[in-house]
Amino acid sequence: MIDALLELPPHVRERLAGALESGLLPTSPSVTALQSVLGSAESAERAGKALAGLTAFALSGPATGAWIRSLGAVESRAPRVDLVWSGPEVPGVAARSTRRVYEELIGFARHSLWISTYAFFDGPRAFETLARRMDAVPGLRVTLLLNLQRKAGDTSNMDQLVRRFADRFWSVEWPGTSHPRVYFDPRSLDLEGPGGVLHAKTVIADEEAVFVTSANLTEAALDRNIELGLLARHRPLAASITAHFRGLIEREMLMLMPEA
């Protein structure tokens, strides 16, 4: 039951705790009642399973709400880490799906998203969930970190390469009306050959949930390849990673890609 609650984003747990403490929800609410408060069928299902496990303790609504709030204090001290895999499932081994975690983090984000990938294929499909979320939540700030590469034999200067990539990205690859801020590592475009590339694959949602994975934003990596990642809900860790990215941006180690 604790695991089911910890899988809920902190803001969802806070809403659940408040509803139990105020009496808006009974101690053993239906999934329908939970969905009306939490706003998501998946969150309601998880919360319902967790609360069902508490019935044996005969806690009141306010006591249950207070207990749920206490989980946040425990979680802030030590990150809870989940294994996340792509590829064939292994019976009896607990693991989460790469695509499911990727889409959940985007679907739960309300304030900010940092997404870094080395490669993506079929932009309209790869970025569909993200673009829909941005269009649905206008205040969501999205920073996308992409690796740009020079094709063999192309001697164009860096500005020309970036402009061509940007024109194609915004007109062909990006499916939404709201645009993220897109950054790239200019070293990968050096004429002398890559002095370094942006190879990190991660998603940070609302600076509280961190997903670090070997998977790129490709259908094969999300669904078929054997890829391994770790998911942690831990504000200090999330803040540390975003601070590193911000530092690279401030030092112009990562550069902003122009708009269309």
# chains A, B, ... in the order shown; residues from 1 in each chain; ligands from 1
call {"tool": "select_by_dssp", "arguments": {"residues": "stretch 55-153 of chain A", "states": "alpha helix (DSSP H)", "output": "NGL selection string"}}
result
:A and (61-77 or 98-108 or 123-126 or 128-136)
call {"tool": "closest_atom_pairs", "arguments": {"of": "stretch 125-208 of chain A", "to": "stretch 219-238 of chain A", "cutoff": "8 Å", "atoms": "only C-alpha atoms", "output": "CSV"}}
result
residue,atom,partner,partner_atom,distance
A:Ala126,CA,A:Glu219,CA,7.6
A:Ile204,CA,A:Ala238,CA,6.4
A:Glu207,CA,A:Ala238,CA,5.0
A:Glu208,CA,A:Arg235,CA,4.3
call {"tool": "closest_atom_pairs", "arguments": {"of": "stretch 144-170 of chain A", "to": "stretch 183-197 of chain A", "cutoff": "7 Å", "atoms": "only C-alpha atoms", "output": "JSON lines"}}
result
{"residue": "A:Leu144", "atom": "CA", "partner": "A:Tyr183", "partner_atom": "CA", "distance": 6.3}
{"residue": "A:Leu145", "atom": "CA", "partner": "A:Tyr183", "partner_atom": "CA", "distance": 4.9}
{"residue": "A:Leu146", "atom": "CA", "partner": "A:Phe184", "partner_atom": "CA", "distance": 5.3}
{"residue": "A:Asn147", "atom": "CA", "partner": "A:Phe184", "partner_atom": "CA", "distance": 5.6}
{"residue": "A:Leu148", "atom": "CA", "partner": "A:Phe184", "partner_atom": "CA", "distance": 6.4}
{"residue": "A:Gln149", "atom": "CA", "partner": "A:Ser188", "partner_atom": "CA", "distance": 5.8}
{"residue": "A:Arg150", "atom": "CA", "partner": "A:Leu189", "partner_atom": "CA", "distance": 5.5}
{"residue": "A:Thr155", "atom": "CA", "partner": "A:Leu191", "partner_atom": "CA", "distance": 6.9}
{"residue": "A:Met158", "atom": "CA", "partner": "A:Leu189", "partner_atom": "CA", "distance": 6.2}
call {"tool": "residues_around", "arguments": {"residues": "stretch 24-39 of chain A", "least_positions_apart": "6", "cutoff": "9 Å", "atoms": "only C-alpha atoms", "output": "ChimeraX atom specification"}}
result
/A:12-13,15-16,18,45,47-48,51-52,54-55,58-62,64
call {"tool": "write_last_selection", "arguments": {"atoms": "C-alpha atoms", "output": "short mmCIF file (atom, residue, chain, number, x, y, z; two decimals), in the first residue's frame"}}
result
data_model
loop_
_atom_site.label_atom_id
_atom_site.label_comp_id
_atom_site.auth_asym_id
_atom_site.auth_seq_id
_atom_site.Cartn_x
_atom_site.Cartn_y
_atom_site.Cartn_z
CA VAL A 12 -1.68 14.27 -5.84
CA ARG A 13 -0.90 12.76 -2.41
CA ARG A 15 -4.77 16.56 -2.51
CA LEU A 16 -5.77 13.09 -1.28
CA GLY A 18 -6.49 17.13 2.34
CA GLU A 45 -7.11 3.40 -8.95
CA ALA A 47 -5.06 5.49 -4.27
CA GLY A 48 -8.04 3.14 -3.91
CA LEU A 51 -6.51 2.93 1.05
CA ALA A 52 -8.03 -0.56 0.90
CA LEU A 54 -5.41 0.59 5.46
CA THR A 55 -8.91 -0.59 6.39
CA ALA A 58 -9.55 1.30 11.33
CA LEU A 59 -8.09 4.82 11.01
CA SER A 60 -10.33 7.86 10.78
CA GLY A 61 -10.24 10.06 7.67
CA PRO A 62 -8.12 12.78 9.34
CA THR A 64 -5.36 8.57 7.31
#
call {"tool": "residues_around", "arguments": {"residues": "A:Thr202", "least_positions_apart": "2", "cutoff": "8 Å", "atoms": "only C-alpha atoms", "output": "VMD selection string"}}
result
chain A and resid 114 to 117 200 204 210 to 213
call {"tool": "atom_distance", "arguments": {"atom1": "atom CA of A:Asn157", "atom2": "atom CA of A:Phe127"}}
result
28.0 Å
call {"tool": "decode", "arguments": {"residues": "stretch 123-134 of chain A", "atoms": "N, CA and C atoms", "output": "mmCIF file, in the first residue's frame"}}
result
data_model
loop_
_atom_site.group_PDB
_atom_site.id
_atom_site.type_symbol
_atom_site.label_atom_id
_atom_site.label_comp_id
_atom_site.auth_asym_id
_atom_site.auth_seq_id
_atom_site.Cartn_x
_atom_site.Cartn_y
_atom_site.Cartn_z
ATOM 1 N N GLY A 123 9.539 12.606 -35.073
ATOM 2 C CA GLY A 123 9.202 13.626 -34.086
ATOM 3 C C GLY A 123 7.730 13.723 -33.732
ATOM 4 N N PRO A 124 6.792 13.719 -34.723
ATOM 5 C CA PRO A 124 5.381 13.829 -34.364
ATOM 6 C C PRO A 124 4.914 12.757 -33.388
ATOM 7 N N ARG A 125 5.484 11.533 -33.476
ATOM 8 C CA ARG A 125 5.122 10.479 -32.522
ATOM 9 C C ARG A 125 5.937 10.607 -31.241
ATOM 10 N N ALA A 126 7.230 10.901 -31.375
ATOM 11 C CA ALA A 126 8.102 10.980 -30.202
ATOM 12 C C ALA A 126 7.676 12.094 -29.257
ATOM 13 N N PHE A 127 7.204 13.206 -29.818
ATOM 14 C CA PHE A 127 6.864 14.372 -29.001
ATOM 15 C C PHE A 127 5.357 14.594 -28.850
ATOM 16 N N GLU A 128 4.545 13.620 -29.287
ATOM 17 C CA GLU A 128 3.093 13.793 -29.257
ATOM 18 C C GLU A 128 2.567 14.048 -27.845
ATOM 19 N N THR A 129 2.962 13.209 -26.892
ATOM 20 C CA THR A 129 2.473 13.351 -25.515
ATOM 21 C C THR A 129 2.923 14.679 -24.924
ATOM 22 N N LEU A 130 4.168 15.041 -25.149
ATOM 23 C CA LEU A 130 4.702 16.298 -24.622
ATOM 24 C C LEU A 130 3.984 17.494 -25.234
ATOM 25 N N ALA A 131 3.787 17.488 -26.545
ATOM 26 C CA ALA A 131 3.123 18.616 -27.207
ATOM 27 C C ALA A 131 1.686 18.777 -26.714
ATOM 28 N N ARG A 132 0.976 17.654 -26.541
ATOM 29 C CA ARG A 132 -0.399 17.730 -26.033
ATOM 30 C C ARG A 132 -0.435 18.328 -24.633
ATOM 31 N N ARG A 133 0.514 17.906 -23.785
ATOM 32 C CA ARG A 133 0.549 18.425 -22.415
ATOM 33 C C ARG A 133 0.839 19.923 -22.402
ATOM 34 N N MET A 134 1.748 20.371 -23.253
ATOM 35 C CA MET A 134 2.062 21.798 -23.312
ATOM 36 C C MET A 134 0.866 22.605 -23.780
#
